[in-house]
$ cat query.tsv   # TSV, C-alpha atoms
chain	number	residue	atom	x	y	z
A	28	MET	CA	0.00	0.00	0.00
A	29	ALA	CA	1.26	3.49	-0.90
A	30	THR	CA	0.10	6.86	0.37
A	31	VAL	CA	-0.89	9.39	-2.26
A	32	ILE	CA	-0.83	13.06	-1.27
A	33	ILE	CA	-3.44	15.09	-3.14
A	34	PRO	CA	-2.57	18.79	-3.57
A	35	THR	CA	-5.04	21.39	-2.35
A	36	PRO	CA	-6.31	22.39	-5.85
A	37	LEU	CA	-7.34	18.82	-6.65
A	38	ARG	CA	-9.02	18.03	-3.33
A	39	LYS	CA	-12.31	19.37	-4.61
A	40	PHE	CA	-12.34	16.23	-6.76
A	41	THR	CA	-11.50	13.82	-3.89
A	42	ASN	CA	-14.16	14.89	-1.40
A	43	ASN	CA	-11.52	17.08	0.28
A	44	THR	CA	-9.39	14.05	1.05
A	45	ALA	CA	-5.71	14.99	1.29
A	46	ARG	CA	-4.19	11.51	1.65
A	47	LEU	CA	-5.31	8.29	0.04
A	48	ASN	CA	-4.02	4.76	0.50
A	49	VAL	CA	-3.67	3.04	-2.85
A	50	GLN	CA	-2.49	-0.44	-3.77
A	51	ALA	CA	-0.65	0.05	-7.07
A	52	LYS	CA	2.42	-1.42	-8.74
A	53	THR	CA	3.24	1.59	-10.88
A	54	VAL	CA	2.38	5.28	-11.12
A	55	SER	CA	0.22	4.48	-14.12
A	56	ASP	CA	-1.76	1.95	-12.06
A	57	MET	CA	-2.08	4.50	-9.28
A	58	ILE	CA	-3.49	7.12	-11.65
A	59	GLN	CA	-6.02	4.65	-13.05
A	60	ILE	CA	-7.16	3.72	-9.54
A	61	LEU	CA	-7.55	7.38	-8.61
A	62	ILE	CA	-9.48	8.15	-11.78
A	63	THR	CA	-11.75	5.16	-11.26
A	64	GLN	CA	-12.52	6.32	-7.75
A	65	PHE	CA	-12.70	10.04	-8.62
A	66	PRO	CA	-13.54	10.43	-12.35
A	67	ASP	CA	-13.28	14.23	-12.28
A	68	LEU	CA	-9.55	13.89	-11.65
A	69	ARG	CA	-8.97	12.51	-15.14
A	70	LYS	CA	-8.65	15.81	-17.00
A	71	HIS	CA	-6.14	17.02	-14.41
A	72	LEU	CA	-3.96	13.90	-14.24
A	73	LEU	CA	-3.96	12.80	-17.88
A	74	ASP	CA	-3.68	14.78	-21.10
A	75	ALA	CA	-5.22	13.83	-24.46
A	76	SER	CA	-2.40	11.40	-25.16
A	77	GLY	CA	-2.86	9.63	-21.83
A	78	SER	CA	0.30	11.05	-20.28
A	79	VAL	CA	0.73	13.12	-17.14
A	80	PRO	CA	0.27	16.77	-18.22
A	81	SER	CA	3.30	19.05	-18.20
A	82	PHE	CA	1.81	21.16	-15.40
A	83	ILE	CA	1.56	18.20	-13.02
A	84	ASN	CA	4.61	16.73	-11.30
A	85	ILE	CA	4.54	13.38	-9.55
A	86	PHE	CA	7.11	12.40	-6.97
A	87	VAL	CA	7.62	8.88	-5.62
A	88	ASN	CA	9.13	9.58	-2.24
A	89	ASP	CA	11.56	12.39	-3.17
A	90	ASP	CA	12.10	11.47	-6.80
A	91	ASP	CA	10.39	13.12	-9.78
A	92	ILE	CA	9.05	10.35	-12.01
A	93	ARG	CA	10.34	12.28	-15.05
A	94	ASN	CA	13.82	11.34	-13.79
A	95	LEU	CA	12.80	7.70	-13.35
A	96	GLN	CA	10.54	5.63	-15.60
A	97	ARG	CA	7.80	8.25	-15.85
A	98	GLU	CA	4.33	6.65	-15.60
A	99	GLN	CA	5.94	3.20	-15.42
A	100	THR	CA	7.86	4.09	-12.27
A	101	VAL	CA	7.41	1.37	-9.65
A	102	VAL	CA	5.52	2.30	-6.50
A	103	MET	CA	7.12	0.37	-3.67
A	104	GLU	CA	5.20	-0.84	-0.63
A	105	GLY	CA	5.01	2.03	1.86
A	106	ALA	CA	6.00	4.70	-0.65
A	107	THR	CA	4.65	8.24	-0.52
A	108	VAL	CA	3.48	9.53	-3.88
A	109	SER	CA	3.07	13.31	-4.08
A	110	ILE	CA	1.07	14.98	-6.81
A	111	VAL	CA	2.49	18.48	-7.16
A	112	PRO	CA	1.02	21.08	-9.51
A	113	ALA	CA	3.59	23.09	-11.44
A	114	ILE	CA	2.88	26.72	-10.61
A	115	ALA	CA	3.82	28.99	-13.48
A	116	GLY	CA	2.58	31.81	-15.67
A	117	GLY	CA	3.46	35.18	-17.03
A	118	ARG	CA	2.37	38.45	-18.47
A	119	PRO	CA	0.39	38.78	-21.70
A	120	LEU	CA	2.67	38.26	-24.69
B	13	MET	CA	-14.82	37.03	-3.11
B	14	LEU	CA	-11.29	37.50	-1.85
B	15	LEU	CA	-10.96	39.43	1.42
B	16	LEU	CA	-7.58	40.96	2.14
B	17	TYR	CA	-6.30	42.62	5.29
B	18	PRO	CA	-4.38	45.83	4.56
B	19	ILE	CA	-1.20	44.25	5.94
B	20	ILE	CA	-1.51	41.47	3.37
B	21	VAL	CA	-1.89	44.01	0.57
B	22	ASN	CA	1.17	45.85	1.86
B	23	GLN	CA	3.18	42.64	2.10
B	24	MET	CA	2.33	41.72	-1.47
B	25	LYS	CA	3.16	45.22	-2.69
B	26	ALA	CA	6.49	45.17	-0.86
B	27	ALA	CA	7.26	41.76	-2.34
B	28	VAL	CA	6.70	42.77	-5.95
B	29	GLN	CA	6.86	46.49	-6.67
B	30	PHE	CA	10.60	47.12	-6.77
B	31	SER	CA	11.53	44.18	-8.95
B	32	ASP	CA	12.07	44.28	-12.68
B	33	GLU	CA	11.25	40.58	-12.78
B	34	GLU	CA	7.95	38.83	-12.15
B	35	CYS	CA	7.60	38.01	-8.46
B	36	CYS	CA	5.40	35.30	-7.04
B	37	GLY	CA	4.21	33.61	-3.88
B	38	PHE	CA	1.45	31.79	-2.04
B	39	LEU	CA	-1.77	32.93	-0.37
B	40	PHE	CA	-3.06	31.27	2.81
B	41	GLY	CA	-6.22	31.69	4.81
B	42	MET	CA	-9.67	30.33	5.38
B	43	GLU	CA	-12.64	29.74	3.13
B	44	GLU	CA	-16.25	30.23	4.12
B	45	GLU	CA	-19.41	29.14	2.41
B	46	GLY	CA	-20.18	31.03	-0.76
B	47	ASN	CA	-16.56	31.05	-1.91
B	48	VAL	CA	-15.64	33.86	0.48
B	49	ARG	CA	-11.91	33.61	1.10
B	50	THR	CA	-10.01	35.56	3.73
B	51	ILE	CA	-6.26	35.75	3.19
B	52	SER	CA	-4.33	35.95	6.44
B	53	ALA	CA	-0.79	35.08	5.37
B	54	ILE	CA	1.42	35.11	2.31
B	55	MET	CA	4.71	33.40	1.52
B	56	SER	CA	6.99	34.68	-1.21
B	57	ALA	CA	8.66	32.20	-3.53
B	58	LYS	CA	11.69	32.39	-5.79
B	59	ASN	CA	10.97	32.83	-9.49
B	60	MET	CA	12.60	29.75	-11.01
B	61	SER	CA	11.50	30.37	-14.59
B	62	SER	CA	14.04	29.25	-17.16
B	63	PHE	CA	12.59	31.79	-19.59
B	64	ASN	CA	12.71	35.59	-19.36
B	65	LYS	CA	11.88	36.32	-15.72
B	66	ARG	CA	10.53	39.75	-16.68
B	67	GLU	CA	7.76	37.99	-18.53
B	68	THR	CA	7.28	34.64	-16.82
B	69	PHE	CA	7.42	32.99	-13.43
B	70	GLU	CA	7.68	29.46	-12.15
B	71	ILE	CA	7.67	28.10	-8.61
B	72	SER	CA	9.69	25.01	-7.77
B	73	ALA	CA	8.02	21.82	-6.63
B	74	GLU	CA	10.00	22.05	-3.39
B	75	ASP	CA	8.60	25.52	-2.63
B	76	TYR	CA	5.13	24.28	-3.46
B	77	MET	CA	5.41	21.36	-1.04
B	78	ASP	CA	6.79	23.73	1.62
B	79	ALA	CA	3.69	25.88	1.13
B	80	GLU	CA	1.36	22.90	1.58
B	81	ASN	CA	3.25	21.94	4.75
B	82	PHE	CA	3.08	25.53	6.04
B	83	ALA	CA	-0.69	25.49	5.56
B	84	ASP	CA	-1.03	22.17	7.42
B	85	ARG	CA	1.16	23.28	10.32
B	86	ASN	CA	-0.73	26.54	10.76
B	87	HIS	CA	-4.23	25.15	10.25
B	88	LEU	CA	-4.67	27.31	7.18
B	89	LYS	CA	-5.67	26.50	3.64
B	90	LEU	CA	-3.45	27.11	0.64
B	91	LEU	CA	-5.87	29.27	-1.31
B	92	GLY	CA	-3.89	30.64	-4.19
B	93	ILE	CA	-0.96	32.30	-5.85
B	94	TYR	CA	0.05	35.91	-6.38
B	95	HIS	CA	2.36	37.14	-9.09
B	96	SER	CA	3.28	40.40	-10.77
B	97	HIS	CA	3.04	41.58	-14.35
B	98	VAL	CA	5.76	44.13	-15.02
B	99	GLY	CA	4.58	46.98	-17.23
B	100	CYS	CA	1.30	45.45	-18.31
B	101	PRO	CA	-2.23	44.96	-16.95
B	102	ALA	CA	-3.31	42.65	-14.14
B	103	SER	CA	-5.13	40.38	-16.56
B	104	PRO	CA	-4.17	36.73	-16.98
B	105	SER	CA	-2.13	35.73	-20.01
B	106	GLU	CA	-2.60	32.61	-22.08
B	107	TYR	CA	0.40	31.15	-20.22
B	108	ASP	CA	-1.38	31.92	-16.94
B	109	ARG	CA	-4.49	30.14	-18.22
B	110	VAL	CA	-2.74	27.03	-19.49
B	111	ALA	CA	-0.86	26.61	-16.21
B	112	ALA	CA	-3.77	27.52	-13.92
B	113	GLN	CA	-4.91	25.03	-11.34
B	114	PRO	CA	-8.53	24.60	-10.28
B	115	PHE	CA	-9.70	26.03	-6.97
B	116	PHE	CA	-6.82	28.51	-6.59
B	117	SER	CA	-7.24	32.28	-6.52
B	118	TYR	CA	-4.71	33.94	-8.81
B	119	VAL	CA	-3.94	37.47	-7.68
B	120	ILE	CA	-2.10	39.50	-10.32
B	121	LEU	CA	-0.43	42.81	-9.49
B	122	SER	CA	0.39	45.15	-12.33
B	123	ILE	CA	3.65	47.03	-11.75
B	124	VAL	CA	4.26	50.35	-13.49
B	125	GLU	CA	7.33	52.40	-12.54
B	126	ASN	CA	7.85	50.50	-9.28
B	127	THR	CA	4.27	51.06	-8.20
B	128	VAL	CA	1.33	48.67	-7.98
B	129	ALA	CA	-1.02	50.21	-10.51
B	130	GLU	CA	-3.70	47.55	-10.38
B	131	MET	CA	-4.48	44.34	-8.49
B	132	ARG	CA	-7.08	41.81	-9.60
B	133	SER	CA	-7.89	38.22	-8.74
B	134	TRP	CA	-8.95	35.39	-11.01
B	135	THR	CA	-10.08	31.78	-10.75
B	136	ILE	CA	-10.21	29.15	-13.47
B	137	ASN	CA	-13.59	27.58	-14.15
B	138	ASP	CA	-14.46	24.04	-15.25
B	139	GLU	CA	-14.00	25.07	-18.90
B	140	PHE	CA	-10.45	26.24	-18.09
B	141	LYS	CA	-11.41	29.88	-18.58
B	142	PHE	CA	-10.55	32.62	-16.12
B	143	GLU	CA	-13.29	34.42	-14.24
B	144	GLU	CA	-12.59	37.53	-12.20
B	145	GLU	CA	-12.96	37.21	-8.44
B	146	PRO	CA	-13.87	40.43	-6.60
B	147	ILE	CA	-11.30	41.70	-4.10
B	148	SER	CA	-12.29	43.57	-0.96
B	149	ILE	CA	-10.07	45.13	1.66
B	150	ILE	CA	-10.93	44.60	5.33
B	151	ASN	CA	-10.46	47.80	7.32
B	152	ILE	CA	-9.56	47.88	11.00
B	153	ASN	CA	-13.23	48.20	11.96
B	154	GLN	CA	-13.95	45.02	9.98
B	155	GLN	CA	-15.85	47.03	7.40
B	156	ILE	CA	-15.30	45.89	3.86
B	157	HIS	CA	-14.50	48.20	1.00
B	158	GLY	CA	-14.33	47.26	-2.64
B	159	TYR	CA	-10.69	47.36	-3.66
B	160	ARG	CA	-11.28	48.74	-7.12
B	161	ASN	CA	-13.31	51.60	-5.65
B	162	HIS	CA	-10.27	52.54	-3.62
B	163	SER	CA	-7.62	51.92	-6.21
B	164	ASN	CA	-5.50	54.84	-5.00
B	165	SER	CA	-4.68	52.80	-1.91
B	166	ALA	CA	-2.77	50.35	-4.07
B	167	ALA	CA	-0.30	52.96	-5.28
$ encode --input "query.tsv" --output "structure tokens"
Amino acid sequence: MATVIIPTPLRKFTNNTARLNVQAKTVSDMIQILITQFPDLRKHLLDASGSVPSFINIFVNDDDIRNLQREQTVVMEGATVSIVPAIAGGRPL
Amino acid sequence: MLLLYPIIVNQMKAAVQFSDEECCGFLFGMEEEGNVRTISAIMSAKNMSSFNKRETFEISAEDYMDAENFADRNHLKLLGIYHSHVGCPASPSEYDRVAAQPFFSYVILSIVENTVAEMRSWTINDEFKFEEEPISIININQQIHGYRNHSNSAA
């Protein structure tokens, strides 16, 4: 079992739950489980191609999955998976 | 509606108005029914943009997680983000829209000649379009004044 930390902006889609226990082998499995349980999360966790959008970061323990095996990164028993929105923007171009 | 104490407005102004680069940070507070949000603390963050920092901002994942932890420790809610637009209006850009997260209030401060010329707040709706969120300033007698009716106080 892994613990998934839901960031504040996405808690409106998880009944205000901040931490969820999920049994998943990979990050991809974890996302599918979350989406099955909370369908409104889909458009925030997956883009049109089925990948994690560029403005969402996912960390397994302290490691960004983009530096590991991306969605195929293994989620070890007892791991903490943090979903972290990328906060960015800028002035009108 | 976003309710701001004068000290919060002053802290945001101090954080952004003398920089030639976009400045950014977090907004903390409490939310009541009817989407009334009272901001009681801010936390500045380093602009980590790898593009032109005069035109863009980015907050690191580490700073974001620190902000979530700060909110938990202080029994506050992470309610949004503030950032500055240097030399242009306090309206969200397409980059702001694409990167916007649901739920958050996005306060934008327009900086002209080292002065806050305008401050507006925005939230993204379910169609990923920005809607303006009214800002009101809480005075010391707990009376509420519309910010845009008192825009001189921002300068």
$ axis_aligned_box --input "query.tsv" --around "region 55-72 of chain B" --padding-each-side "3 Å" --output "JSON"
{"center_x": 9.4, "center_y": 32.4, "center_z": -9.0, "size_x": 15.3, "size_y": 20.7, "size_z": 27.1}
$ interface_residues --input "query.tsv" --of "chain B" --to "chain A" --cutoff "10 Å" --atoms "only C-alpha atoms" --output "PyMOL selection string"
chain B and resi 34-37+59-61+64-77+80+83+89-93+95-117+120+122
$ residues_around --input "query.tsv" --residues "Tyr94 (chain B)" --least-positions-apart "5" --cutoff "10 Å" --atoms "all atoms listed in the file" --output "list of chain:residue names"
B:Met24, B:Val28, B:Cys35, B:Cys36, B:Gly37, B:Phe38, B:Leu39, B:Ile54, B:Met55, B:Ser56, B:Ala57, B:Ser117, B:Tyr118, B:Val119, B:Ile120, B:Leu121, B:Met131, B:Arg132, B:Ser133
$ atom_distance --input "query.tsv" --atom1 "CA of Thr135 (chain B)" --atom2 "CA of Ile123 (chain B)"
20.5 Å
$ atom_distance --input "query.tsv" --atom1 "CA of Lys141 (chain B)" --atom2 "CA of Leu47 (chain A)"
29.2 Å
$ residues_near_point --input "query.tsv" --point "(-13.3, 37.7, -1.6)" --cutoff "9 Å" --atoms "all atoms listed in the file" --output "NGL selection string"
:B and (13-16 or 47-51 or 133 or 145-149)
$ write_last_selection --input "query.tsv" --atoms "C-alpha atoms" --output "tab-separated table (two decimals), keeping the file's coordinate frame"
chain	number	residue	atom	x	y	z
B	13	MET	CA	-14.82	37.03	-3.11
B	14	LEU	CA	-11.29	37.50	-1.85
B	15	LEU	CA	-10.96	39.43	1.42
B	16	LEU	CA	-7.58	40.96	2.14
B	47	ASN	CA	-16.56	31.05	-1.91
B	48	VAL	CA	-15.64	33.86	0.48
B	49	ARG	CA	-11.91	33.61	1.10
B	50	THR	CA	-10.01	35.56	3.73
B	51	ILE	CA	-6.26	35.75	3.19
B	133	SER	CA	-7.89	38.22	-8.74
B	145	GLU	CA	-12.96	37.21	-8.44
B	146	PRO	CA	-13.87	40.43	-6.60
B	147	ILE	CA	-11.30	41.70	-4.10
B	148	SER	CA	-12.29	43.57	-0.96
B	149	ILE	CA	-10.07	45.13	1.66
$ atom_distance --input "query.tsv" --atom1 "CA of Thr63 (chain A)" --atom2 "CA of Met103 (chain A)"
20.9 Å
$ closest_residue --input "query.tsv" --among "A:Ala45, A:Leu68, A:Ala29, A:Ile58" --to "Gly105 (chain A)" --atoms "all atoms listed in the file"
A:Ala29
$ decode --input "query.tsv" --residues "chain A" --atoms "C-alpha atoms" --output "CSV table (one decimal), in the first residue's frame"
chain,number,residue,atom,x,y,z
A,28,MET,CA,0.0,0.0,0.0
A,29,ALA,CA,1.3,3.5,-0.9
A,30,THR,CA,0.1,6.9,0.4
A,31,VAL,CA,-0.9,9.4,-2.3
A,32,ILE,CA,-0.8,13.1,-1.3
A,33,ILE,CA,-3.4,15.1,-3.1
A,34,PRO,CA,-2.6,18.8,-3.6
A,35,THR,CA,-5.0,21.4,-2.4
A,36,PRO,CA,-6.3,22.4,-5.8
A,37,LEU,CA,-7.3,18.8,-6.6
A,38,ARG,CA,-9.0,18.0,-3.3
A,39,LYS,CA,-12.3,19.4,-4.6
A,40,PHE,CA,-12.3,16.2,-6.8
A,41,THR,CA,-11.5,13.8,-3.9
A,42,ASN,CA,-14.2,14.9,-1.4
A,43,ASN,CA,-11.5,17.1,0.3
A,44,THR,CA,-9.4,14.1,1.1
A,45,ALA,CA,-5.7,15.0,1.3
A,46,ARG,CA,-4.2,11.5,1.6
A,47,LEU,CA,-5.3,8.3,0.0
A,48,ASN,CA,-4.0,4.8,0.5
A,49,VAL,CA,-3.7,3.0,-2.8
A,50,GLN,CA,-2.5,-0.4,-3.8
A,51,ALA,CA,-0.7,0.0,-7.1
A,52,LYS,CA,2.4,-1.4,-8.7
A,53,THR,CA,3.2,1.6,-10.9
A,54,VAL,CA,2.4,5.3,-11.1
A,55,SER,CA,0.2,4.5,-14.1
A,56,ASP,CA,-1.8,2.0,-12.1
A,57,MET,CA,-2.1,4.5,-9.3
A,58,ILE,CA,-3.5,7.1,-11.7
A,59,GLN,CA,-6.0,4.7,-13.0
A,60,ILE,CA,-7.2,3.7,-9.5
A,61,LEU,CA,-7.5,7.4,-8.6
A,62,ILE,CA,-9.5,8.1,-11.8
A,63,THR,CA,-11.8,5.2,-11.3
A,64,GLN,CA,-12.5,6.3,-7.7
A,65,PHE,CA,-12.7,10.0,-8.6
A,66,PRO,CA,-13.5,10.4,-12.3
A,67,ASP,CA,-13.3,14.2,-12.3
A,68,LEU,CA,-9.5,13.9,-11.6
A,69,ARG,CA,-9.0,12.5,-15.1
A,70,LYS,CA,-8.6,15.8,-17.0
A,71,HIS,CA,-6.1,17.0,-14.4
A,72,LEU,CA,-4.0,13.9,-14.2
A,73,LEU,CA,-4.0,12.8,-17.9
A,74,ASP,CA,-3.7,14.8,-21.1
A,75,ALA,CA,-5.2,13.8,-24.5
A,76,SER,CA,-2.4,11.4,-25.2
A,77,GLY,CA,-2.9,9.6,-21.8
A,78,SER,CA,0.3,11.1,-20.3
A,79,VAL,CA,0.7,13.1,-17.1
A,80,PRO,CA,0.3,16.8,-18.2
A,81,SER,CA,3.3,19.1,-18.2
A,82,PHE,CA,1.8,21.2,-15.4
A,83,ILE,CA,1.6,18.2,-13.0
A,84,ASN,CA,4.6,16.7,-11.3
A,85,ILE,CA,4.5,13.4,-9.6
A,86,PHE,CA,7.1,12.4,-7.0
A,87,VAL,CA,7.6,8.9,-5.6
A,88,ASN,CA,9.1,9.6,-2.2
A,89,ASP,CA,11.6,12.4,-3.2
A,90,ASP,CA,12.1,11.5,-6.8
A,91,ASP,CA,10.4,13.1,-9.8
A,92,ILE,CA,9.1,10.4,-12.0
A,93,ARG,CA,10.3,12.3,-15.1
A,94,ASN,CA,13.8,11.3,-13.8
A,95,LEU,CA,12.8,7.7,-13.3
A,96,GLN,CA,10.5,5.6,-15.6
A,97,ARG,CA,7.8,8.3,-15.9
A,98,GLU,CA,4.3,6.7,-15.6
A,99,GLN,CA,5.9,3.2,-15.4
A,100,THR,CA,7.9,4.1,-12.3
A,101,VAL,CA,7.4,1.4,-9.7
A,102,VAL,CA,5.5,2.3,-6.5
A,103,MET,CA,7.1,0.4,-3.7
A,104,GLU,CA,5.2,-0.8,-0.6
A,105,GLY,CA,5.0,2.0,1.9
A,106,ALA,CA,6.0,4.7,-0.7
A,107,THR,CA,4.7,8.2,-0.5
A,108,VAL,CA,3.5,9.5,-3.9
A,109,SER,CA,3.1,13.3,-4.1
A,110,ILE,CA,1.1,15.0,-6.8
A,111,VAL,CA,2.5,18.5,-7.2
A,112,PRO,CA,1.0,21.1,-9.5
A,113,ALA,CA,3.6,23.1,-11.4
A,114,ILE,CA,2.9,26.7,-10.6
A,115,ALA,CA,3.8,29.0,-13.5
A,116,GLY,CA,2.6,31.8,-15.7
A,117,GLY,CA,3.5,35.2,-17.0
A,118,ARG,CA,2.4,38.4,-18.5
A,119,PRO,CA,0.4,38.8,-21.7
A,120,LEU,CA,2.7,38.3,-24.7
